[in-house]
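Right, one structure below, let's go through it.
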Amino acid sequence: MASQHPPQHDKVDPIDALLSAHGLRRTAASRRVLGWMLAYPDTSYTHAQLQEAFARDGGEPLDRVTLYRLIDRLTQVGLLLCRVDSQRVRRYQAMPASVHATPHFECQSCHRDSPLGAALRASDLEKAAQTAIESLRALGYQDMHFDLAVKGLCVECAGAKATMQPGGAPA
Ligand SMILES: [Zn+2]
């Protein structure tokens, strides 16, 4: 029982563990980017927003090329999810576990993601997604993600918009 002594590092940082598990180098930059994305799992960011965030967080400056390359790598290995929003801009967020089949709502204003399970009877949709994935798998398709997203304005943003326009929307 006494021989379980991992050398040196007792605690493996979960970020480091994720990076290693996906074959990525554990650099200061990769830790920082993945750490940020995991700290804000419900928000999706554009390249520009991430660049701004890292310019303001007090750490070492992260150059644009390094940041873009890192985001690409993290997306390739499935740690980040890339979506194109209604303005055709790429947005990135930590890969939500829910994305595999669960329907979710993407607010186009605050860019928060919320599961739709409670808001509507989503189990039929989920079942349909699962069936589709299984049929495709039987045909030989692999590594499928079924992204079931409803896009629009969330309740909060819709409310804020309504109070901002007391006279009604312009024509
Ligand atoms: Zn919103």
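Quick note on naming: the chains in the structure tokens go A, B, ... in the order shown, residues restart at 1 in each chain, and ligands are numbered from 1 in order of appearance.
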Shell around Leu38 of chain A at 9 Å using only C-alpha atoms, local window under 5 positions removed, as a PyMOL selection string:
chain A and resi 15+33+93-95
Assign secondary structure with DSSP using the backbone only, and return the residues of segment 36-108 of chain A in helix (DSSP H, G or I) as an NGL selection string.
:A and (36-39 or 47-56 or 64-76 or 97-100)
Those residues with C-alpha atoms, as a tab-separated table (two decimals), in the first residue's frame please?
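Output (again_25.tsv):
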chain	number	residue	atom	x	y	z
A	36	TRP	CA	-9.89	30.80	-19.94
A	37	MET	CA	-12.28	28.88	-22.15
A	38	LEU	CA	-13.01	26.36	-19.41
A	39	ALA	CA	-13.56	29.16	-16.90
A	47	HIS	CA	-10.81	35.70	-32.19
A	48	ALA	CA	-10.93	39.43	-31.56
A	49	GLN	CA	-12.71	39.09	-28.22
A	50	LEU	CA	-10.17	36.54	-27.03
A	51	GLN	CA	-7.30	38.70	-28.10
A	52	GLU	CA	-8.79	41.59	-26.17
A	53	ALA	CA	-9.40	39.43	-23.11
A	54	PHE	CA	-5.79	38.23	-23.03
A	55	ALA	CA	-4.50	41.75	-23.53
A	56	ARG	CA	-6.39	42.83	-20.42
A	64	ARG	CA	-2.13	37.08	-32.58
A	65	VAL	CA	-0.55	34.28	-34.57
A	66	THR	CA	0.11	32.19	-31.47
A	67	LEU	CA	-3.43	32.74	-30.26
A	68	TYR	CA	-5.00	31.84	-33.61
A	69	ARG	CA	-2.86	28.76	-33.95
A	70	LEU	CA	-3.72	27.62	-30.44
A	71	ILE	CA	-7.42	28.11	-30.98
A	72	ASP	CA	-7.19	26.09	-34.18
A	73	ARG	CA	-5.36	23.26	-32.46
A	74	LEU	CA	-7.75	23.19	-29.52
A	75	THR	CA	-10.67	23.08	-31.95
A	76	GLN	CA	-9.08	20.32	-34.04
A	97	ALA	CA	-20.78	17.99	-23.02
A	98	SER	CA	-24.36	18.76	-24.02
A	99	VAL	CA	-23.47	19.32	-27.65
A	100	HIS	CA	-23.36	15.64	-28.49
Could you list, with a cut-off of 9 Å and counting only C-alpha atoms and all ligand atoms, the residues of chain A near ligand 1, each shown with its nearest atom pair and the distance in Å rounded to one decimal, rows sorted by chain and ascending number, as a tab-separated table?
residue	atom	partner	partner_atom_place_in_ligand_line	distance
A:Glu106	CA	ligand 1	1 (Zn)	8.0
A:Cys107	CA	ligand 1	1 (Zn)	4.6
A:Gln108	CA	ligand 1	1 (Zn)	6.6
A:Ser109	CA	ligand 1	1 (Zn)	5.0
A:Cys110	CA	ligand 1	1 (Zn)	4.0
A:His111	CA	ligand 1	1 (Zn)	6.1
A:Arg112	CA	ligand 1	1 (Zn)	6.2
A:Asp113	CA	ligand 1	1 (Zn)	8.6
A:Gly152	CA	ligand 1	1 (Zn)	8.2
A:Leu153	CA	ligand 1	1 (Zn)	5.4
A:Cys154	CA	ligand 1	1 (Zn)	4.3
A:Val155	CA	ligand 1	1 (Zn)	6.8
A:Glu156	CA	ligand 1	1 (Zn)	5.7
A:Cys157	CA	ligand 1	1 (Zn)	4.3
A:Ala158	CA	ligand 1	1 (Zn)	7.2
Among the residues A:Gly78, A:Pro14, A:Pro115, A:Gly59, the one that comes closest to Asp143 of chain A [using only C-alpha atoms]
A:Gly78
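Between atom CA of Val77 of chain A and atom CA of His22 of chain A lies a distance of 6.3 Å.
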Give me the residues near Asp16 of chain A as JSON, numbers by chain, where near means some atom within 9 Å (using only C-alpha atoms) and where sequence neighbours in that chain fewer than 5 positions away do not count.
{"A": [21, 25, 26, 31]}
Kindly save the residues from that selection, with N, CA and C atoms included, as a CSV table (one decimal), in the first residue's frame.
chain,number,residue,atom,x,y,z
A,21,ALA,N,-3.6,14.8,-22.7
A,21,ALA,CA,-4.5,13.7,-23.2
A,21,ALA,C,-4.8,14.0,-24.7
A,25,ARG,N,1.1,20.5,-26.5
A,25,ARG,CA,2.2,20.9,-25.6
A,25,ARG,C,1.6,21.7,-24.5
A,26,ARG,N,2.2,21.5,-23.3
A,26,ARG,CA,1.7,22.3,-22.1
A,26,ARG,C,2.5,23.6,-22.0
A,31,ARG,N,-2.0,26.7,-21.7
A,31,ARG,CA,-2.7,26.6,-20.4
A,31,ARG,C,-3.6,27.8,-20.3
Going by DSSP on the backbone, which bits of segment 9-154 of chain A are strand (DSSP E or B)? Write them as a ChimeraX atom specification, please.
/A:43,45,80-84,90-94,104-107,112-115,149-152
For the residues selected in the previous step, produce a file with N, CA and C atoms as a PDB file, in the first residue's frame.
ATOM      1  N   THR A  43     -19.894  30.764 -22.619  1.00  0.00           N
ATOM      2  CA  THR A  43     -19.766  31.907 -23.513  1.00  0.00           C
ATOM      3  C   THR A  43     -18.906  31.547 -24.712  1.00  0.00           C
ATOM      4  N   TYR A  45     -16.595  33.020 -27.891  1.00  0.00           N
ATOM      5  CA  TYR A  45     -15.785  34.196 -28.169  1.00  0.00           C
ATOM      6  C   TYR A  45     -15.298  34.206 -29.608  1.00  0.00           C
ATOM      7  N   LEU A  80     -12.349  22.638 -28.076  1.00  0.00           N
ATOM      8  CA  LEU A  80     -13.183  23.805 -28.320  1.00  0.00           C
ATOM      9  C   LEU A  80     -14.177  23.497 -29.427  1.00  0.00           C
ATOM     10  N   LEU A  81     -15.261  24.197 -29.347  1.00  0.00           N
ATOM     11  CA  LEU A  81     -16.297  24.074 -30.358  1.00  0.00           C
ATOM     12  C   LEU A  81     -16.295  25.364 -31.172  1.00  0.00           C
ATOM     13  N   CYS A  82     -16.305  25.229 -32.495  1.00  0.00           N
ATOM     14  CA  CYS A  82     -16.342  26.418 -33.341  1.00  0.00           C
ATOM     15  C   CYS A  82     -17.701  26.484 -34.020  1.00  0.00           C
ATOM     16  N   ARG A  83     -18.309  27.647 -33.930  1.00  0.00           N
ATOM     17  CA  ARG A  83     -19.574  27.856 -34.626  1.00  0.00           C
ATOM     18  C   ARG A  83     -19.496  29.161 -35.388  1.00  0.00           C
ATOM     19  N   VAL A  84     -20.295  29.236 -36.424  1.00  0.00           N
ATOM     20  CA  VAL A  84     -20.358  30.471 -37.189  1.00  0.00           C
ATOM     21  C   VAL A  84     -21.673  31.148 -36.819  1.00  0.00           C
ATOM     22  N   ARG A  90     -16.744  33.471 -36.846  1.00  0.00           N
ATOM     23  CA  ARG A  90     -16.469  32.260 -36.069  1.00  0.00           C
ATOM     24  C   ARG A  90     -16.410  32.571 -34.592  1.00  0.00           C
ATOM     25  N   ARG A  91     -17.068  31.755 -33.807  1.00  0.00           N
ATOM     26  CA  ARG A  91     -17.058  31.907 -32.361  1.00  0.00           C
ATOM     27  C   ARG A  91     -16.618  30.582 -31.755  1.00  0.00           C
ATOM     28  N   TYR A  92     -15.840  30.683 -30.688  1.00  0.00           N
ATOM     29  CA  TYR A  92     -15.278  29.483 -30.060  1.00  0.00           C
ATOM     30  C   TYR A  92     -15.717  29.399 -28.608  1.00  0.00           C
ATOM     31  N   GLN A  93     -15.940  28.185 -28.146  1.00  0.00           N
ATOM     32  CA  GLN A  93     -16.207  28.000 -26.731  1.00  0.00           C
ATOM     33  C   GLN A  93     -15.725  26.613 -26.321  1.00  0.00           C
ATOM     34  N   ALA A  94     -15.590  26.441 -25.010  1.00  0.00           N
ATOM     35  CA  ALA A  94     -15.203  25.120 -24.516  1.00  0.00           C
ATOM     36  C   ALA A  94     -16.247  24.118 -24.986  1.00  0.00           C
ATOM     37  N   HIS A 104     -29.899  22.768 -27.633  1.00  0.00           N
ATOM     38  CA  HIS A 104     -29.585  23.910 -26.801  1.00  0.00           C
ATOM     39  C   HIS A 104     -29.908  25.198 -27.544  1.00  0.00           C
ATOM     40  N   PHE A 105     -29.920  26.266 -26.798  1.00  0.00           N
ATOM     41  CA  PHE A 105     -30.287  27.557 -27.340  1.00  0.00           C
ATOM     42  C   PHE A 105     -29.058  28.458 -27.362  1.00  0.00           C
ATOM     43  N   GLU A 106     -28.816  29.083 -28.506  1.00  0.00           N
ATOM     44  CA  GLU A 106     -27.686  30.016 -28.613  1.00  0.00           C
ATOM     45  C   GLU A 106     -28.238  31.417 -28.786  1.00  0.00           C
ATOM     46  N   CYS A 107     -28.016  32.244 -27.779  1.00  0.00           N
ATOM     47  CA  CYS A 107     -28.492  33.621 -27.887  1.00  0.00           C
ATOM     48  C   CYS A 107     -27.548  34.404 -28.793  1.00  0.00           C
ATOM     49  N   ARG A 112     -24.745  33.469 -24.931  1.00  0.00           N
ATOM     50  CA  ARG A 112     -24.733  32.422 -23.926  1.00  0.00           C
ATOM     51  C   ARG A 112     -25.485  31.221 -24.473  1.00  0.00           C
ATOM     52  N   ASP A 113     -25.077  30.092 -23.990  1.00  0.00           N
ATOM     53  CA  ASP A 113     -25.633  28.825 -24.418  1.00  0.00           C
ATOM     54  C   ASP A 113     -26.448  28.238 -23.284  1.00  0.00           C
ATOM     55  N   SER A 114     -27.648  27.807 -23.534  1.00  0.00           N
ATOM     56  CA  SER A 114     -28.353  27.126 -22.458  1.00  0.00           C
ATOM     57  C   SER A 114     -29.041  25.884 -22.997  1.00  0.00           C
ATOM     58  N   PRO A 115     -29.069  24.835 -22.190  1.00  0.00           N
ATOM     59  CA  PRO A 115     -29.748  23.625 -22.632  1.00  0.00           C
ATOM     60  C   PRO A 115     -31.250  23.885 -22.712  1.00  0.00           C
ATOM     61  N   ALA A 149     -29.015  23.139 -32.403  1.00  0.00           N
ATOM     62  CA  ALA A 149     -29.036  24.461 -31.798  1.00  0.00           C
ATOM     63  C   ALA A 149     -30.215  25.283 -32.308  1.00  0.00           C
ATOM     64  N   VAL A 150     -30.866  25.928 -31.398  1.00  0.00           N
ATOM     65  CA  VAL A 150     -31.874  26.919 -31.764  1.00  0.00           C
ATOM     66  C   VAL A 150     -31.217  28.272 -31.539  1.00  0.00           C
ATOM     67  N   LYS A 151     -31.287  29.137 -32.549  1.00  0.00           N
ATOM     68  CA  LYS A 151     -30.654  30.444 -32.411  1.00  0.00           C
ATOM     69  C   LYS A 151     -31.696  31.537 -32.309  1.00  0.00           C
ATOM     70  N   GLY A 152     -31.398  32.530 -31.500  1.00  0.00           N
ATOM     71  CA  GLY A 152     -32.341  33.630 -31.364  1.00  0.00           C
ATOM     72  C   GLY A 152     -31.951  34.506 -30.197  1.00  0.00           C
TER      73      GLY A 152
END
Which value, in Å to one decimal, gives the distance between atom CA of Leu136 of chain A and atom CA of Asp85 of chain A?
26.5 Å
